[in-house]
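Structure file coords02.cif (mmCIF, C-alpha atoms and all ligand atoms) follows.
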data_target
loop_
_atom_site.label_atom_id
_atom_site.label_comp_id
_atom_site.auth_asym_id
_atom_site.auth_seq_id
_atom_site.Cartn_x
_atom_site.Cartn_y
_atom_site.Cartn_z
CA MET C 76 79.21 85.49 110.97
CA ALA C 77 80.98 85.99 114.27
CA GLY C 78 79.62 89.12 115.99
CA ALA C 79 76.23 88.80 114.32
CA GLU C 80 75.77 85.46 116.08
CA ILE C 81 75.91 86.99 119.55
CA ILE C 82 73.70 90.07 119.23
CA GLY C 83 71.66 90.25 122.41
CA LYS C 84 71.12 92.04 125.70
CA GLU C 85 74.27 94.15 125.63
CA GLU C 86 73.51 95.58 122.19
CA ILE C 87 69.88 96.22 123.23
CA LYS C 88 70.99 98.14 126.29
CA GLU C 89 73.42 100.33 124.36
CA VAL C 90 70.85 101.05 121.65
CA MET C 91 68.18 101.89 124.24
CA ASP C 92 70.51 104.49 125.79
CA VAL C 93 70.42 106.28 122.45
CA LEU C 94 66.71 105.84 121.76
CA GLU C 95 65.85 107.19 125.18
CA THR C 96 67.48 110.51 124.28
CA GLY C 97 66.21 110.43 120.70
CA VAL C 98 69.50 111.88 119.43
CA LEU C 99 70.62 109.63 116.57
CA PHE C 100 73.27 112.07 115.31
CA ARG C 101 76.84 111.94 116.55
CA TYR C 102 77.44 115.70 116.68
CA GLY C 103 75.71 118.52 118.56
CA PHE C 104 72.35 118.49 120.42
CA ASP C 105 74.31 118.76 123.64
CA ASN C 106 71.29 119.46 125.88
CA GLU C 107 69.10 116.72 124.45
CA ARG C 108 71.70 113.95 124.36
CA LYS C 109 72.34 113.91 128.12
CA GLY C 110 76.01 113.10 127.78
CA ILE C 111 75.47 110.13 125.44
CA PHE C 112 78.07 110.05 122.67
CA LYS C 113 78.13 106.44 121.47
CA VAL C 114 80.14 106.91 118.28
CA ARG C 115 82.78 108.91 120.11
CA GLU C 116 82.89 106.33 122.88
CA PHE C 117 83.17 103.51 120.32
CA GLU C 118 86.03 105.30 118.55
CA GLU C 119 87.90 105.84 121.82
CA ALA C 120 87.40 102.23 122.92
CA PHE C 121 88.42 100.95 119.49
CA ALA C 122 91.60 103.06 119.38
CA LYS C 123 92.48 101.84 122.85
CA TYR C 124 91.74 98.20 121.97
CA CYS C 125 94.15 98.14 119.05
CA SER C 126 96.59 100.74 120.40
CA ALA C 127 95.98 103.15 117.53
CA GLY C 128 96.53 106.88 117.98
CA TYR C 129 93.18 107.88 116.45
CA ALA C 130 90.04 106.12 115.26
CA LEU C 131 87.21 107.54 113.15
CA GLY C 132 83.87 105.76 112.77
CA VAL C 133 82.34 105.83 109.29
CA THR C 134 79.37 104.32 107.46
CA SER C 135 81.08 101.22 106.03
CA GLY C 136 84.38 99.55 105.30
CA SER C 137 84.09 100.76 101.72
CA ALA C 138 83.62 104.33 102.96
CA ALA C 139 86.60 103.87 105.28
CA LEU C 140 88.78 102.93 102.30
CA LYS C 141 87.65 106.00 100.38
CA VAL C 142 88.11 108.30 103.36
CA ALA C 143 91.61 106.92 104.07
CA LEU C 144 92.77 107.11 100.45
CA THR C 145 91.48 110.68 100.29
CA ALA C 146 93.28 111.59 103.52
CA MET C 147 96.47 110.12 102.03
CA ASP C 148 95.93 112.36 98.98
CA VAL C 149 95.79 109.44 96.58
CA GLY C 150 94.05 110.62 93.43
CA PRO C 151 94.07 111.07 89.64
CA GLY C 152 97.31 109.97 87.97
CA ASP C 153 98.29 107.73 90.89
CA GLU C 154 98.56 103.97 91.02
CA VAL C 155 97.92 101.83 94.10
CA ILE C 156 99.20 98.26 94.44
CA VAL C 157 96.44 95.86 95.58
CA PRO C 158 96.51 92.06 95.90
CA ALA C 159 94.65 89.92 93.34
CA PHE C 160 92.75 88.20 96.15
CA THR C 161 90.51 90.66 98.01
CA PHE C 162 86.90 91.82 98.09
CA VAL C 163 86.01 94.06 95.14
CA ALA C 164 85.57 97.06 97.51
CA THR C 165 89.35 97.53 97.73
CA TYR C 166 89.61 98.07 93.96
CA GLU C 167 86.43 100.15 93.81
CA ALA C 168 87.75 102.53 96.48
CA VAL C 169 90.95 103.20 94.54
CA LEU C 170 88.90 103.98 91.42
CA GLU C 171 86.49 106.10 93.49
CA VAL C 172 89.30 108.51 94.37
CA GLY C 173 90.36 108.65 90.72
CA ALA C 174 93.44 106.43 91.00
CA ILE C 175 94.21 103.11 89.28
CA PRO C 176 94.53 99.80 91.16
CA VAL C 177 97.53 97.73 90.09
CA MET C 178 97.09 94.01 90.72
CA ALA C 179 99.85 92.17 92.60
CA ASP C 180 100.40 88.52 93.44
CA ILE C 181 99.84 86.72 96.74
CA ASP C 182 102.10 84.33 98.65
CA GLY C 183 101.42 81.22 100.74
CA SER C 184 99.69 83.40 103.34
CA LEU C 185 97.18 84.08 100.53
CA ASN C 186 97.78 87.77 101.16
CA LEU C 187 99.84 90.35 99.27
CA ASP C 188 103.28 88.96 98.43
CA PRO C 189 105.91 91.48 99.62
CA ASP C 190 108.29 90.04 97.04
CA ASP C 191 106.00 91.10 94.20
CA ILE C 192 105.63 94.74 95.24
CA GLU C 193 108.80 96.03 93.58
CA ALA C 194 107.92 94.29 90.32
CA LYS C 195 104.64 96.22 90.25
CA ILE C 196 106.05 99.66 91.08
CA THR C 197 105.98 102.30 88.31
CA PRO C 198 106.74 106.06 88.38
CA PHE C 199 103.02 106.54 89.26
CA THR C 200 102.81 104.27 92.32
CA LYS C 201 101.72 106.16 95.42
CA ALA C 202 100.53 103.54 97.88
CA VAL C 203 100.12 99.84 98.68
CA ILE C 204 97.01 98.23 100.19
CA PRO C 205 97.79 94.92 101.88
CA VAL C 206 94.59 93.04 102.78
CA HIS C 207 94.44 90.59 105.69
CA MET C 208 92.10 88.14 104.03
CA CYS C 209 89.88 85.69 105.85
CA GLY C 210 91.03 86.79 109.28
CA ALA C 211 94.76 86.05 109.05
CA PRO C 212 97.75 88.39 108.75
CA ALA C 213 99.79 89.15 105.66
CA ARG C 214 103.59 89.30 106.05
CA ILE C 215 102.93 92.85 107.08
CA ASP C 216 106.34 93.72 108.54
CA LYS C 217 108.02 92.86 105.25
CA ILE C 218 105.34 94.69 103.24
CA VAL C 219 105.81 97.88 105.27
CA GLU C 220 109.58 97.58 104.93
CA VAL C 221 109.44 97.28 101.12
CA ALA C 222 106.92 100.12 100.91
CA LYS C 223 109.01 102.48 103.05
CA LYS C 224 112.14 101.67 101.07
CA ASN C 225 110.27 102.76 97.95
CA ASN C 226 108.55 105.80 99.49
CA LEU C 227 105.07 104.33 99.21
CA MET C 228 102.31 104.87 101.73
CA VAL C 229 100.60 101.82 103.26
CA LEU C 230 96.86 101.49 103.88
CA GLU C 231 95.92 98.20 105.54
CA ASP C 232 92.56 96.84 104.50
CA ASN C 233 91.75 94.95 107.66
CA ALA C 234 88.03 94.62 106.97
CA GLN C 235 88.28 90.88 107.57
CA GLY C 236 90.84 90.71 110.37
CA CYS C 237 89.43 92.80 113.22
CA GLY C 238 91.15 91.76 116.45
CA GLY C 239 93.88 89.91 114.56
CA THR C 240 97.54 90.61 115.36
CA TYR C 241 101.01 90.05 113.98
CA LYS C 242 103.78 89.49 116.53
CA GLY C 243 101.57 91.02 119.20
CA LYS C 244 100.70 94.22 117.31
CA TYR C 245 97.15 94.73 116.05
CA LEU C 246 96.49 94.39 112.33
CA GLY C 247 95.49 97.75 110.89
CA THR C 248 98.13 99.63 112.90
CA PHE C 249 101.22 98.74 110.84
CA GLY C 250 100.56 101.03 107.89
CA ASP C 251 100.15 104.80 107.68
CA MET C 252 96.45 104.07 107.95
CA GLY C 253 94.21 101.07 108.50
CA ILE C 254 90.53 100.38 107.90
CA PHE C 255 87.95 97.99 109.37
CA SER C 256 84.47 96.90 108.31
CA PHE C 257 81.55 96.16 110.61
CA ASP C 258 79.13 94.94 107.97
CA TYR C 259 76.85 92.10 108.93
CA VAL C 260 79.26 89.26 108.14
CA LYS C 261 82.44 90.71 109.63
CA THR C 262 84.10 89.78 112.95
CA ILE C 263 82.10 92.41 114.83
CA THR C 264 79.13 94.16 113.31
CA THR C 265 77.19 97.40 113.52
CA GLY C 266 74.86 96.32 110.71
CA GLU C 267 76.80 98.56 108.36
CA GLY C 268 79.83 100.49 109.54
CA GLY C 269 83.55 100.98 109.35
CA MET C 270 86.55 102.47 111.13
CA VAL C 271 89.63 104.36 109.99
CA VAL C 272 92.70 104.25 112.25
CA THR C 273 96.02 106.06 112.14
CA ASP C 274 98.77 107.37 114.42
CA ASN C 275 99.23 110.45 112.25
CA ILE C 276 97.27 113.53 113.37
CA ASP C 277 97.33 115.09 109.90
CA LEU C 278 95.91 111.96 108.28
CA TYR C 279 93.31 111.74 111.05
CA ASN C 280 92.30 115.39 110.60
CA ARG C 281 91.95 115.04 106.84
CA SER C 282 89.82 111.92 107.37
CA ASP C 283 87.69 113.69 109.96
CA TRP C 284 87.12 116.69 107.70
CA TYR C 285 86.45 114.72 104.53
CA HIS C 286 83.97 112.35 106.18
CA ASP C 287 81.77 115.27 107.30
CA HIS C 288 81.69 117.92 104.53
CA GLY C 289 84.94 119.50 105.70
CA HIS C 290 83.66 120.40 109.20
CA ASP C 291 86.66 121.01 111.48
CA HIS C 292 84.66 119.94 114.58
CA ASN C 293 85.88 122.87 116.64
CA PRO C 294 84.49 122.17 120.11
CA ASN C 295 84.22 125.88 120.95
CA VAL C 296 81.64 126.86 118.32
CA GLY C 297 78.32 125.50 117.12
CA ARG C 298 78.21 123.28 114.08
CA ALA C 299 76.96 126.07 111.81
CA MET C 300 80.00 128.20 112.63
CA GLU C 301 82.69 125.54 112.23
CA GLY C 302 85.55 126.19 109.84
CA ARG C 303 86.65 124.11 106.84
CA SER C 304 89.66 123.87 104.58
CA ILE C 305 88.61 121.11 102.17
CA LEU C 306 85.35 119.95 100.65
CA GLY C 307 84.16 116.54 101.68
CA SER C 308 81.09 114.37 101.75
CA ASN C 309 79.04 112.48 104.32
CA PHE C 310 80.35 109.20 105.68
CA ARG C 311 79.35 109.82 109.31
CA MET C 312 78.61 106.89 111.58
CA GLY C 313 75.26 107.20 113.39
CA GLU C 314 74.68 106.79 117.12
CA LEU C 315 72.74 103.52 116.75
CA GLN C 316 75.71 101.98 114.94
CA GLY C 317 78.10 103.34 117.53
CA ALA C 318 75.96 101.85 120.30
CA VAL C 319 75.96 98.38 118.74
CA GLY C 320 79.68 98.65 118.05
CA LEU C 321 80.47 99.38 121.69
CA ALA C 322 78.69 96.23 122.84
CA GLN C 323 80.27 94.13 120.11
CA LEU C 324 83.79 95.39 120.78
CA ARG C 325 83.56 94.32 124.41
CA ARG C 326 83.09 90.74 123.23
CA LEU C 327 85.56 90.71 120.36
CA ASP C 328 88.10 88.73 122.39
CA TYR C 329 85.41 86.20 123.30
CA VAL C 330 84.41 85.86 119.62
CA ILE C 331 88.00 85.19 118.58
CA ALA C 332 88.67 82.78 121.45
CA GLU C 333 85.59 80.68 120.62
CA GLN C 334 86.46 80.64 116.93
CA LYS C 335 90.01 79.57 117.72
CA LYS C 336 88.72 76.67 119.80
CA ASN C 337 86.34 75.51 117.08
CA LYS C 338 88.96 75.96 114.41
CA ALA C 339 91.51 73.84 116.31
CA VAL C 340 89.07 70.92 116.54
CA ILE C 341 88.26 70.97 112.82
CA LYS C 342 91.93 71.44 111.94
CA GLU C 343 92.81 68.34 113.91
CA ALA C 344 90.26 66.30 111.93
CA LEU C 345 91.48 67.70 108.59
CA SER C 346 95.11 66.98 109.40
CA LYS C 347 94.36 63.29 108.82
CA VAL C 348 93.52 63.92 105.16
CA ASP C 349 96.37 62.67 102.96
CA GLY C 350 98.31 65.41 101.19
CA LEU C 351 96.35 68.22 102.82
CA LYS C 352 98.30 71.29 103.96
CA PHE C 353 97.04 74.26 105.88
CA ARG C 354 97.19 77.86 104.76
CA ASP C 355 100.51 79.38 105.80
CA ILE C 356 99.71 81.85 108.60
CA PRO C 357 102.72 84.10 109.31
CA ASP C 358 101.78 84.39 112.99
CA PRO C 359 99.22 81.75 114.07
CA ASP C 360 98.73 83.46 117.46
CA GLY C 361 97.42 86.51 115.60
CA ASP C 362 94.83 84.61 113.57
CA SER C 363 91.28 85.81 114.27
CA ALA C 364 90.12 82.37 113.14
CA THR C 365 87.09 83.40 111.12
CA PHE C 366 88.11 80.93 108.40
CA LEU C 367 90.12 77.76 108.03
CA GLY C 368 92.07 77.56 104.77
CA PHE C 369 93.70 74.40 103.47
CA ASN C 370 95.17 73.29 100.19
CA LEU C 371 95.77 70.11 98.24
CA PRO C 372 98.47 69.16 95.76
CA ASP C 373 96.43 69.89 92.64
CA ALA C 374 93.28 71.64 91.44
CA GLY C 375 91.53 68.44 90.33
CA LEU C 376 91.83 66.80 93.73
CA THR C 377 90.73 70.04 95.38
CA LYS C 378 87.47 70.06 93.46
CA LYS C 379 86.94 66.39 94.18
CA ILE C 380 87.35 67.00 97.90
CA GLN C 381 85.12 70.05 97.79
CA LYS C 382 82.38 67.94 96.22
CA ALA C 383 82.87 65.10 98.72
CA LEU C 384 82.74 67.52 101.67
CA SER C 385 79.64 69.14 100.24
CA ASP C 386 77.98 65.71 99.99
CA GLU C 387 78.63 65.44 103.75
CA GLY C 388 76.95 68.80 104.32
CA ILE C 389 80.25 70.66 104.77
CA GLY C 390 80.42 73.86 102.73
CA THR C 391 83.72 75.29 101.51
CA VAL C 392 84.68 78.17 99.21
CA LEU C 393 87.07 77.86 96.27
CA PHE C 394 87.99 81.51 95.90
CA LYS C 395 89.59 81.15 92.47
CA GLU C 396 86.08 80.61 91.13
CA ASN C 397 84.37 83.11 93.39
CA LEU C 398 82.86 86.09 91.57
CA TRP C 399 83.58 88.75 94.19
CA HIS C 400 87.05 88.08 95.60
CA TYR C 401 89.38 87.35 92.68
CA VAL C 402 90.29 90.03 90.15
CA PRO C 403 90.46 87.85 86.99
CA ASN C 404 86.75 87.05 87.52
CA TRP C 405 85.67 90.69 87.52
CA GLU C 406 84.45 91.20 83.96
CA HIS C 407 83.25 94.71 84.82
CA LEU C 408 86.70 95.78 86.03
CA LEU C 409 88.42 94.09 83.08
CA SER C 410 86.22 96.04 80.65
CA GLN C 411 86.83 99.22 82.67
CA SER C 412 83.11 99.56 83.41
CA THR C 413 83.37 102.06 86.21
CA ALA C 414 80.22 103.70 87.54
CA ASN C 415 80.35 106.37 84.83
CA SER C 416 79.96 105.85 81.08
CA LYS C 417 83.25 107.66 80.38
CA LYS C 418 85.23 104.86 82.05
CA TYR C 419 86.92 107.40 84.30
CA PRO C 420 89.54 107.14 85.76
CA PHE C 421 90.95 104.61 83.26
CA THR C 422 90.45 107.21 80.52
CA ASN C 423 91.82 110.15 82.51
CA PRO C 424 94.53 111.91 80.42
CA MET C 425 96.42 112.53 83.69
CA TYR C 426 96.93 108.78 83.96
CA LYS C 427 100.04 107.76 82.05
CA GLY C 428 100.32 104.12 83.10
CA LYS C 429 98.78 100.90 81.89
CA ALA C 430 97.34 98.47 84.41
CA ASP C 431 97.71 94.77 83.70
CA TYR C 432 95.01 92.47 85.09
CA SER C 433 96.16 89.33 83.24
CA ARG C 434 96.28 85.95 84.96
CA ALA C 435 99.86 85.62 83.70
CA SER C 436 100.96 88.47 85.98
CA ILE C 437 99.84 86.62 89.13
CA PRO C 438 101.18 83.05 88.77
CA LYS C 439 101.14 82.25 92.50
CA ALA C 440 97.52 83.27 92.95
CA GLU C 441 96.55 81.24 89.89
CA ASP C 442 98.22 78.19 91.38
CA ILE C 443 97.51 78.38 95.13
CA LEU C 444 93.97 79.80 95.02
CA GLY C 445 92.96 77.04 92.60
CA ARG C 446 93.79 74.37 95.14
CA THR C 447 92.76 76.10 98.35
CA LEU C 448 89.44 75.62 100.12
CA PHE C 449 88.07 77.82 102.88
CA MET C 450 85.71 76.70 105.59
CA GLN C 451 83.88 79.31 107.65
CA ILE C 452 84.33 79.08 111.42
CA PHE C 453 81.50 80.18 113.68
CA VAL C 454 81.37 81.35 117.29
CA ASN C 455 78.44 79.10 118.09
CA MET C 456 79.10 75.57 116.91
CA SER C 457 77.17 72.98 118.90
CA GLU C 458 78.75 69.67 119.85
CA GLU C 459 76.37 68.02 117.43
CA LYS C 460 77.44 70.29 114.60
CA MET C 461 81.11 69.71 115.36
CA LYS C 462 80.61 65.97 115.46
CA SER C 463 78.87 65.93 112.11
CA ILE C 464 81.74 67.97 110.58
CA ILE C 465 84.39 65.70 112.06
CA ASP C 466 82.57 62.54 110.98
CA GLY C 467 82.13 64.01 107.50
CA ILE C 468 85.82 64.81 107.19
CA GLU C 469 86.74 61.33 108.38
CA LYS C 470 84.51 59.78 105.74
CA VAL C 471 86.04 61.93 103.02
CA SER C 472 89.59 61.12 104.11
CA LYS C 473 88.88 57.38 103.90
CA MET C 474 87.51 57.81 100.42
CA LEU C 475 90.87 59.03 99.08
C1 LIG Y 1 83.86 93.70 103.63
C2 LIG Y 1 85.09 94.22 102.99
C3 LIG Y 1 85.23 95.56 102.62
C4 LIG Y 1 84.10 96.53 102.62
O1 LIG Y 1 83.43 96.66 103.80
P1 LIG Y 1 81.88 97.09 103.83
O2 LIG Y 1 81.67 97.48 105.25
O3 LIG Y 1 81.08 95.89 103.45
O4 LIG Y 1 81.71 98.22 102.89
C5 LIG Y 1 86.46 95.98 102.16
N1 LIG Y 1 87.49 95.14 102.05
C6 LIG Y 1 87.39 93.83 102.36
C7 LIG Y 1 88.59 92.96 102.24
C8 LIG Y 1 86.18 93.33 102.83
O5 LIG Y 1 86.08 92.04 103.11
#

Translate the structure described by the file into structure tokens.
Ligand SMILES: *Cc1c(COP(=O)(O)O)cnc(C)c1O
Amino acid sequence: MAGAEIIGKEEIKEVMDVLETGVLFRYGFDNERKGIFKVREFEEAFAKYCSAGYALGVTSGSAALKVALTAMDVGPGDEVIVPAFTFVATYEAVLEVGAIPVMADIDGSLNLDPDDIEAKITPFTKAVIPVHMCGAPARIDKIVEVAKKNNLMVLEDNAQGCGGTYKGKYLGTFGDMGIFSFDYVKTITTGEGGMVVTDNIDLYNRSDWYHDHGHDHNPNVGRAMEGRSILGSNFRMGELQGAVGLAQLRRLDYVIAEQKKNKAVIKEALSKVDGLKFRDIPDPDGDSATFLGFNLPDAGLTKKIQKALSDEGIGTVLFKENLWHYVPNWEHLLSQSTANSKKYPFTNPMYKGKADYSRASIPKAEDILGRTLFMQIFVNMSEEKMKSIIDGIEKVSKML
């Protein structure tokens, strides 16, 4: 829940700045807005925070994925490699731009396995989307290296790893583009919202145009007279979202630091459980610590421990059985039930490939995800709460 747990005075102040002018729109109304540009300010602060060249605020993480893929000119006939373990939005966005998601395996980091990318490349592959799941980095340096070697673009889906790093560099800034989500359960929230980042001015410009009906945002003319070179749509972030985002971003480091503290305490307790191993995090310093992942030697024992923890009031997620984060469980994707009755883009004659979503093509995910449990880490965890978790874990470990 992270950022949502700490909404308070700072967010109220930022939002009131906007309400006092009454200008809820990010562009124009220069006289009425009295110099208040919250979305712009949020974008600038966000780009600075993660050392990205450009940042563009949009309406959601899902919108950010669509905007970025469009900017990268991914479209009909193209394939995009996406890990089997991710939120469904990553696959939906690829289909939304008319391309086909190709499912790839994960490694011990539980993120895209760089060693599986080449096996999934076809003549139609245009891009790769590594996803930093549950707050921790993929082996992103290796992923970028394999992608570059094969002339593929990289879009990092960092919806879940805001503020996370790998070897000191912010997640989301390794690829050609990166996206973030600020929905209500992400590391920082604007209610709904998202961000697109890139160092490439052309990719930024295409994102900027597409997200606002092609408007070129020429500062020297009024909105009605702006030029355009492509058609677009509307994925503009509003000023109220920008205001909340500014306040949240200022406390992102606090959020992560508190989560890290809480995570370390629970990790210590879990380390006494026989046979338990922690999720392999390629750079533990860069973990945003929103989740604690651990695995057991086999799936049967994993379920037994999940049940025992649950009896102690400790909730965990077994993502292999989760309906929203593991491709083999998406019956609508498997039956090509896109949002149109023609099953486009699977049925597009421009598409010459054949995507394989079989469990057999992702053996590591099938194995590791089936014996991995995730515990959510919160910013605010009272001493009482921590004690009850630790006592519960101790009880479970004695039971084994
Ligand atoms: C949340 C999420 C998204 C979508 O973000 P929204 O802001 O909810 O649209 C995309 N990818 C991943 C991995 C996510 O967790």

With all atoms listed in the file counted and 8 Å as the cut-off, give the residues of chain C in contact with ligand LIG 1 (chain Y), each with its shortest interatomic distance in Å and the pair that gives it, as CSV.
residue,atom,partner,partner_atom,distance
C:Thr134,CA,Y:LIG1,O2,7.5
C:Ser135,CA,Y:LIG1,O2,3.9
C:Gly136,CA,Y:LIG1,O1,3.4
C:Ser137,CA,Y:LIG1,O4,3.7
C:Ala138,CA,Y:LIG1,O4,6.4
C:Ala139,CA,Y:LIG1,O4,7.8
C:Leu140,CA,Y:LIG1,C5,7.3
C:Thr161,CA,Y:LIG1,C7,5.2
C:Phe162,CA,Y:LIG1,C7,4.6
C:Val163,CA,Y:LIG1,N1,7.1
C:Ala164,CA,Y:LIG1,C5,4.9
C:Thr165,CA,Y:LIG1,N1,5.3
C:Val206,CA,Y:LIG1,C7,6.0
C:His207,CA,Y:LIG1,C7,7.2
C:Met208,CA,Y:LIG1,C7,6.2
C:Cys209,CA,Y:LIG1,O5,7.9
C:Asp232,CA,Y:LIG1,N1,5.9
C:Asn233,CA,Y:LIG1,C7,6.6
C:Ala234,CA,Y:LIG1,C8,4.7
C:Gln235,CA,Y:LIG1,O5,5.1
C:Phe255,CA,Y:LIG1,O1,7.3
C:Ser256,CA,Y:LIG1,O2,4.2
C:Phe257,CA,Y:LIG1,O2,5.5
C:Asp258,CA,Y:LIG1,O2,4.5
C:Tyr259,CA,Y:LIG1,O3,7.9
C:Val260,CA,Y:LIG1,C1,7.8
C:Lys261,CA,Y:LIG1,C1,6.9
C:Glu267,CA,Y:LIG1,O2,5.9
C:Gly268,CA,Y:LIG1,O2,5.6
C:Gly269,CA,Y:LIG1,O2,5.7

Taking a cut-off of 12 Å and counting only C-alpha atoms, can you build a table that, for each residue of region 118-202 of chain C near region 412-427 of chain C, reports the nearest atom pair and how far apart they are in Å (one decimal), sorted by chain then residue number, as CSV?
residue,atom,partner,partner_atom,distance
C:Gly150,CA,C:Pro420,CA,9.6
C:Pro151,CA,C:Met425,CA,6.6
C:Gly152,CA,C:Tyr426,CA,4.2
C:Asp153,CA,C:Tyr426,CA,7.1
C:Glu154,CA,C:Tyr426,CA,8.7
C:Tyr166,CA,C:Thr413,CA,10.7
C:Glu167,CA,C:Thr413,CA,8.4
C:Ala168,CA,C:Thr413,CA,11.2
C:Val169,CA,C:Pro420,CA,9.7
C:Leu170,CA,C:Pro420,CA,6.5
C:Glu171,CA,C:Pro420,CA,8.4
C:Val172,CA,C:Pro420,CA,8.7
C:Gly173,CA,C:Pro420,CA,5.2
C:Ala174,CA,C:Pro420,CA,6.6
C:Ile175,CA,C:Phe421,CA,7.0
C:Pro176,CA,C:Phe421,CA,9.9
C:Val177,CA,C:Phe421,CA,11.7
C:Thr197,CA,C:Lys427,CA,10.2
C:Pro198,CA,C:Lys427,CA,9.4
C:Phe199,CA,C:Lys427,CA,7.9
C:Thr200,CA,C:Tyr426,CA,11.2

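Counting only C-alpha atoms, the residue from C:Ile181, C:Met461, C:Leu376, C:Met312 that sits nearest to Arg115 (chain C) is C:Met312.
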
For CA of Ile468 (chain C) and CA of Lys379 (chain C), quote the distance in Å rounded to one decimal. 13.2 Å

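Pairwise distance (CA of Thr273 (chain C), CA of Asp182 (chain C)) equals 26.3 Å.
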
Just want the 12 Å neighbourhood of Arg214 (chain C), counted on all atoms listed in the file, with same-chain residues fewer than 6 positions away dropped. Output as a PyMOL selection string. chain C and resi 181-190+205-208+220-221+231+240-242+246+249+355-359+361

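When only C-alpha atoms are used to measure the gap to Asp191 (chain C), the shortest distance among C:Ala211, C:Ala222, C:Leu408, C:Val93 belongs to C:Ala222.
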
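Taking CA of Ser308 (chain C) and CA of Leu144 (chain C) as the two end points, the separation is 13.8 Å.
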
Can you give me N, CA, C and O atoms for region 92-104 of chain C, written as a tab-separated table (two decimals), keeping the file's coordinate frame?
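Result file follows (rebuild_2.tsv):
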chain	number	residue	atom	x	y	z
C	92	ASP	N	69.93	103.24	125.28
C	92	ASP	CA	70.51	104.49	125.79
C	92	ASP	C	70.31	105.61	124.78
C	92	ASP	O	69.99	106.74	125.12
C	93	VAL	N	70.54	105.27	123.52
C	93	VAL	CA	70.42	106.28	122.45
C	93	VAL	C	68.96	106.62	122.21
C	93	VAL	O	68.57	107.80	122.17
C	94	LEU	N	68.13	105.60	122.08
C	94	LEU	CA	66.71	105.84	121.76
C	94	LEU	C	66.02	106.64	122.86
C	94	LEU	O	65.11	107.42	122.59
C	95	GLU	N	66.48	106.44	124.09
C	95	GLU	CA	65.85	107.19	125.18
C	95	GLU	C	66.12	108.69	125.08
C	95	GLU	O	65.32	109.50	125.54
C	96	THR	N	67.23	109.07	124.48
C	96	THR	CA	67.48	110.51	124.28
C	96	THR	C	66.87	110.97	122.96
C	96	THR	O	66.59	112.15	122.78
C	97	GLY	N	66.73	110.06	122.01
C	97	GLY	CA	66.21	110.43	120.70
C	97	GLY	C	67.23	111.09	119.79
C	97	GLY	O	66.92	111.44	118.65
C	98	VAL	N	68.48	111.24	120.26
C	98	VAL	CA	69.50	111.88	119.43
C	98	VAL	C	70.29	110.80	118.67
C	98	VAL	O	71.13	110.11	119.24
C	99	LEU	N	70.00	110.69	117.37
C	99	LEU	CA	70.62	109.63	116.57
C	99	LEU	C	71.87	110.12	115.86
C	99	LEU	O	72.55	109.35	115.17
C	100	PHE	N	72.17	111.42	116.02
C	100	PHE	CA	73.27	112.07	115.31
C	100	PHE	C	74.48	112.19	116.22
C	100	PHE	O	74.33	112.48	117.40
C	101	ARG	N	75.67	111.97	115.68
C	101	ARG	CA	76.84	111.94	116.55
C	101	ARG	C	77.32	113.31	117.03
C	101	ARG	O	78.05	113.39	118.02
C	102	TYR	N	76.96	114.36	116.31
C	102	TYR	CA	77.44	115.70	116.68
C	102	TYR	C	76.30	116.55	117.24
C	102	TYR	O	75.14	116.39	116.86
C	103	GLY	N	76.65	117.50	118.11
C	103	GLY	CA	75.71	118.52	118.56
C	103	GLY	C	74.60	118.02	119.47
C	103	GLY	O	74.71	116.97	120.08
C	104	PHE	N	73.51	118.79	119.57
C	104	PHE	CA	72.35	118.49	120.42
C	104	PHE	C	72.78	118.20	121.86
C	104	PHE	O	72.32	117.24	122.48
